[in-house]
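Enquirer: Pasting a structure below so you can have a look.
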Amino acid sequence: MFGFNRSFADLPVPGGRPFQQTYRCFSVTMGDREDVERGGKIIMPPSALDQLTRLNIQYPMLFKLTNNKAKRETHCGVLEFVADEGRIYIPYWMMRNLCVDEGELIQIDNLSLSVATYAKFQPQSVEFLDITNPKAVLENALRNFACLTQGDVIAIKYNDKEYELYVLETQPGKAVSIIECDMRVDFAPPVGYKEPERQINKQDHLDSADHMETDSAEEDTTFRPFGGMGNRLDGKKKGTESDSPTPSGNGMQRRGIPNYNFKRGTISFIRLVRPTQNGNSEEEEKMFEAFSGQGQTLKKKNRK
């Protein structure tokens with residue numbers, strides 16, 4: 001018989017009798033398979049394999065574990081069928097999610113899950129931030145998992161240290177398969193993480209205040225264009241002092257003040273006249289005249 005090539009999230013596989021059994025669960029720490037603790041797969045008895053092969057199931061085999069007393073459930077894959085009859089061995093972190101103790105009854109159902117496209121995790125300790133490349137570490141750890149269930153707290157090991165990650169979100173469903181899938185991964189801030197606060201000491205605060213006062217003082221000073229010293233070709237220093245007044249009347253001219261006496265079509269050249277000590281203007285001194293020197297010609301005039 002041919003089964004449908006489709007996935008139904010959290011539903012029994014169509015086309016045959018569903019697999020549903022009840023076993024007593026034990027953690028792998030009580031057995032000889034401690035490597036199972038690093039993943040999300042369980043060990044089932046051989047009778048389960050014999051029953052599953054007689055049913056029309058979809059591979060890979062995925063199961064839902066349910067604790068009917070606490071109304072808790074999770075999803076997993078199967079690693080081997082070598083457990084004692086009537087028992088299953090599951091990771092200890094999975095027992096914590098199901099709220100079961102050693103030897104309690106767990107119901108197992110075979111089902112099919114949608115392939116994961118997105119998952120978001122929240123580390124349960126700030127020590128997870130010490131990992132240089134957390135996505136690469138998580139990708140390597142999830143190779144031992146078959147499913148992800150929203151609300152579970154999974155455990156991964158790295159450098160002989162165990163890190164717990166809370167599954168905040170999974171898409172496209174609350175339970176997804178992560179076998180041979182292209183899944184986007186995101187992280188939420190770890191539990192107990194606080195943004196580092198910038199500490200400003202007293203000296204930096206004083207320097208900042210002094211800098212603000214200096215900036216405000218500089219803004220209050222008037223603008224003095226061409227305030228440097230100038231030199232004339234004839235050696236005089238007439239009108240070249242940087243403290244010469246501007247034609248604004250009282251004080252230096254401020255930046256941005258227009259010339260209200262401007263007339264269209266004209267160009268005004270304002271020359272500064274420095275008053276003398278007697279209060280008179282510099283009319284006594286000879287005013288500068290452009291091109292007032294004597295010229296020389298190379299050709300001499302004919303003598304009479």
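Labeling convention for the structure tokens: chains A, B, ... as they appear, residues from 1 per chain, ligands from 1 in order of appearance.
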Residues near stretch 146-152 of chain A, anyone? I mean within 9 Å using only C-alpha atoms, not counting same-chain ones fewer than 3 positions away, as an MDAnalysis selection string.

Expert: chainID A and resid 39:41 60 62 73:78 94 97 113 116 119 142:143 165:170 173:179

Enquirer: Let's have the selection written as a PDB file, in the first residue's frame, with N, CA and C atoms.

Expert:
```pdb
ATOM      1  N   GLY A  39      20.949  14.613  23.421  1.00  0.00           N
ATOM      2  CA  GLY A  39      20.059  14.808  22.278  1.00  0.00           C
ATOM      3  C   GLY A  39      18.602  14.774  22.675  1.00  0.00           C
ATOM      4  N   GLY A  40      17.749  14.617  21.650  1.00  0.00           N
ATOM      5  CA  GLY A  40      16.309  14.597  21.848  1.00  0.00           C
ATOM      6  C   GLY A  40      15.682  13.326  21.327  1.00  0.00           C
ATOM      7  N   LYS A  41      16.399  12.208  21.481  1.00  0.00           N
ATOM      8  CA  LYS A  41      15.878  10.915  21.023  1.00  0.00           C
ATOM      9  C   LYS A  41      15.838   9.943  22.197  1.00  0.00           C
ATOM     10  N   PRO A  60      11.113   9.673   8.860  1.00  0.00           N
ATOM     11  CA  PRO A  60      11.620   9.056  10.092  1.00  0.00           C
ATOM     12  C   PRO A  60      10.551   8.995  11.182  1.00  0.00           C
ATOM     13  N   LEU A  62       8.656   9.627  14.374  1.00  0.00           N
ATOM     14  CA  LEU A  62       8.526  10.703  15.356  1.00  0.00           C
ATOM     15  C   LEU A  62       7.410  10.348  16.320  1.00  0.00           C
ATOM     16  N   GLU A  73       3.245  17.543  27.512  1.00  0.00           N
ATOM     17  CA  GLU A  73       3.629  16.725  26.369  1.00  0.00           C
ATOM     18  C   GLU A  73       4.851  17.322  25.692  1.00  0.00           C
ATOM     19  N   THR A  74       5.562  16.482  24.990  1.00  0.00           N
ATOM     20  CA  THR A  74       6.720  16.886  24.206  1.00  0.00           C
ATOM     21  C   THR A  74       6.858  15.920  23.043  1.00  0.00           C
ATOM     22  N   HIS A  75       7.818  16.182  22.170  1.00  0.00           N
ATOM     23  CA  HIS A  75       8.005  15.368  20.971  1.00  0.00           C
ATOM     24  C   HIS A  75       9.461  14.944  20.874  1.00  0.00           C
ATOM     25  N   CYS A  76       9.682  13.793  20.241  1.00  0.00           N
ATOM     26  CA  CYS A  76      11.035  13.252  20.166  1.00  0.00           C
ATOM     27  C   CYS A  76      11.141  12.291  18.997  1.00  0.00           C
ATOM     28  N   GLY A  77      12.363  11.836  18.763  1.00  0.00           N
ATOM     29  CA  GLY A  77      12.633  10.768  17.816  1.00  0.00           C
ATOM     30  C   GLY A  77      13.098   9.538  18.573  1.00  0.00           C
ATOM     31  N   VAL A  78      13.430   8.502  17.845  1.00  0.00           N
ATOM     32  CA  VAL A  78      13.880   7.261  18.456  1.00  0.00           C
ATOM     33  C   VAL A  78      15.302   6.986  18.004  1.00  0.00           C
ATOM     34  N   MET A  94      14.189  15.966  29.318  1.00  0.00           N
ATOM     35  CA  MET A  94      12.853  15.690  28.802  1.00  0.00           C
ATOM     36  C   MET A  94      11.911  15.278  29.931  1.00  0.00           C
ATOM     37  N   ASN A  97      10.674  18.403  31.591  1.00  0.00           N
ATOM     38  CA  ASN A  97       9.608  19.063  30.833  1.00  0.00           C
ATOM     39  C   ASN A  97       8.262  18.356  31.010  1.00  0.00           C
ATOM     40  N   LEU A 113       5.149  15.378  11.754  1.00  0.00           N
ATOM     41  CA  LEU A 113       5.277  16.810  12.044  1.00  0.00           C
ATOM     42  C   LEU A 113       5.743  17.561  10.808  1.00  0.00           C
ATOM     43  N   ALA A 116      10.545  22.241  10.147  1.00  0.00           N
ATOM     44  CA  ALA A 116      10.757  23.555  10.767  1.00  0.00           C
ATOM     45  C   ALA A 116      11.339  24.544   9.768  1.00  0.00           C
ATOM     46  N   ALA A 119      13.039  29.021  14.387  1.00  0.00           N
ATOM     47  CA  ALA A 119      13.010  28.704  15.817  1.00  0.00           C
ATOM     48  C   ALA A 119      13.734  29.809  16.567  1.00  0.00           C
ATOM     49  N   LEU A 142      22.005  20.389  17.706  1.00  0.00           N
ATOM     50  CA  LEU A 142      20.680  19.978  17.241  1.00  0.00           C
ATOM     51  C   LEU A 142      20.731  18.798  16.280  1.00  0.00           C
ATOM     52  N   ARG A 143      21.922  18.375  15.881  1.00  0.00           N
ATOM     53  CA  ARG A 143      22.016  17.177  15.036  1.00  0.00           C
ATOM     54  C   ARG A 143      21.583  15.926  15.782  1.00  0.00           C
ATOM     55  N   LEU A 165      18.320  25.902  27.051  1.00  0.00           N
ATOM     56  CA  LEU A 165      17.716  26.856  26.124  1.00  0.00           C
ATOM     57  C   LEU A 165      16.204  26.652  26.129  1.00  0.00           C
ATOM     58  N   TYR A 166      15.491  27.742  26.337  1.00  0.00           N
ATOM     59  CA  TYR A 166      14.025  27.700  26.311  1.00  0.00           C
ATOM     60  C   TYR A 166      13.547  27.953  24.883  1.00  0.00           C
ATOM     61  N   VAL A 167      12.692  27.058  24.375  1.00  0.00           N
ATOM     62  CA  VAL A 167      12.179  27.185  23.005  1.00  0.00           C
ATOM     63  C   VAL A 167      11.014  28.171  23.037  1.00  0.00           C
ATOM     64  N   LEU A 168      11.285  29.390  22.628  1.00  0.00           N
ATOM     65  CA  LEU A 168      10.258  30.437  22.666  1.00  0.00           C
ATOM     66  C   LEU A 168       9.249  30.297  21.539  1.00  0.00           C
ATOM     67  N   GLU A 169       9.727  29.998  20.343  1.00  0.00           N
ATOM     68  CA  GLU A 169       8.835  29.987  19.179  1.00  0.00           C
ATOM     69  C   GLU A 169       9.351  29.001  18.147  1.00  0.00           C
ATOM     70  N   THR A 170       8.428  28.331  17.496  1.00  0.00           N
ATOM     71  CA  THR A 170       8.746  27.441  16.380  1.00  0.00           C
ATOM     72  C   THR A 170       7.729  27.678  15.266  1.00  0.00           C
ATOM     73  N   GLY A 173       4.619  25.424  13.182  1.00  0.00           N
ATOM     74  CA  GLY A 173       3.712  24.925  14.208  1.00  0.00           C
ATOM     75  C   GLY A 173       4.373  24.939  15.568  1.00  0.00           C
ATOM     76  N   LYS A 174       3.599  24.514  16.597  1.00  0.00           N
ATOM     77  CA  LYS A 174       4.139  24.467  17.944  1.00  0.00           C
ATOM     78  C   LYS A 174       5.089  23.297  18.141  1.00  0.00           C
ATOM     79  N   ALA A 175       5.022  22.306  17.279  1.00  0.00           N
ATOM     80  CA  ALA A 175       5.949  21.180  17.280  1.00  0.00           C
ATOM     81  C   ALA A 175       6.395  20.946  15.846  1.00  0.00           C
ATOM     82  N   VAL A 176       7.690  20.881  15.623  1.00  0.00           N
ATOM     83  CA  VAL A 176       8.224  20.783  14.263  1.00  0.00           C
ATOM     84  C   VAL A 176       9.330  19.739  14.230  1.00  0.00           C
ATOM     85  N   SER A 177       9.562  19.239  13.029  1.00  0.00           N
ATOM     86  CA  SER A 177      10.663  18.310  12.796  1.00  0.00           C
ATOM     87  C   SER A 177      11.866  19.088  12.275  1.00  0.00           C
ATOM     88  N   ILE A 178      13.051  18.763  12.780  1.00  0.00           N
ATOM     89  CA  ILE A 178      14.260  19.473  12.367  1.00  0.00           C
ATOM     90  C   ILE A 178      15.235  18.529  11.665  1.00  0.00           C
ATOM     91  N   ILE A 179      14.733  17.454  11.087  1.00  0.00           N
ATOM     92  CA  ILE A 179      15.568  16.507  10.356  1.00  0.00           C
ATOM     93  C   ILE A 179      15.689  16.976   8.912  1.00  0.00           C
TER      94      ILE A 179
END
```

Enquirer: Neighbouring residues of A:Phe26 were defined as those with any atom within 7 Å, considering only C-alpha atoms; residues of the same chain fewer than 5 positions away were excluded. Please report them as a count of residues only.

Expert: 5

Enquirer: Which residue out of A:Cys99, A:Val115, A:Leu52, A:Ile156 has the minimum interatomic distance to A:Arg38 when only C-alpha atoms are used?

Expert: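 Checking each candidate against A:Arg38, we get A:Ile156 as the closest.
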
Enquirer: From a DSSP pass on the backbone, collect the residues of stretch 33-105 of chain A flagged as alpha helix (DSSP H) and hand them back as a list in words.

Expert: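 Residues of stretch 33-105 of chain A classed as alpha helix (DSSP H): Pro46, Ser47, Ala48, Leu49, Asp50, Gln51, Leu52, Thr53, Tyr92, Trp93, Met94, Met95, Arg96, Asn97 and Leu98 of chain A.
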
Enquirer: Name the residues in contact with A:Pro46 at a cut-off of 10 Å, using only C-alpha atoms, excluding same-chain residues fewer than 6 positions from it; report them as an MDAnalysis selection string.

Expert: chainID A and resid 52 80:86

Enquirer: Let me see the file: selected residues, C-alpha atoms, as a PDB file, in the first residue's frame.

Expert:
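Result file follows (result.pdb):
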```pdb
ATOM      1  CA  LEU A  52       5.663  -0.222  14.133  1.00  0.00           C
ATOM      2  CA  GLU A  80      17.411   2.480  19.185  1.00  0.00           C
ATOM      3  CA  PHE A  81      15.042  -0.323  20.123  1.00  0.00           C
ATOM      4  CA  VAL A  82      17.136  -2.038  22.804  1.00  0.00           C
ATOM      5  CA  ALA A  83      15.342  -1.103  26.027  1.00  0.00           C
ATOM      6  CA  ASP A  84      13.811  -3.642  28.402  1.00  0.00           C
ATOM      7  CA  GLU A  85      10.229  -4.599  27.676  1.00  0.00           C
ATOM      8  CA  GLY A  86       7.751  -2.177  29.180  1.00  0.00           C
TER       9      GLY A  86
END
```
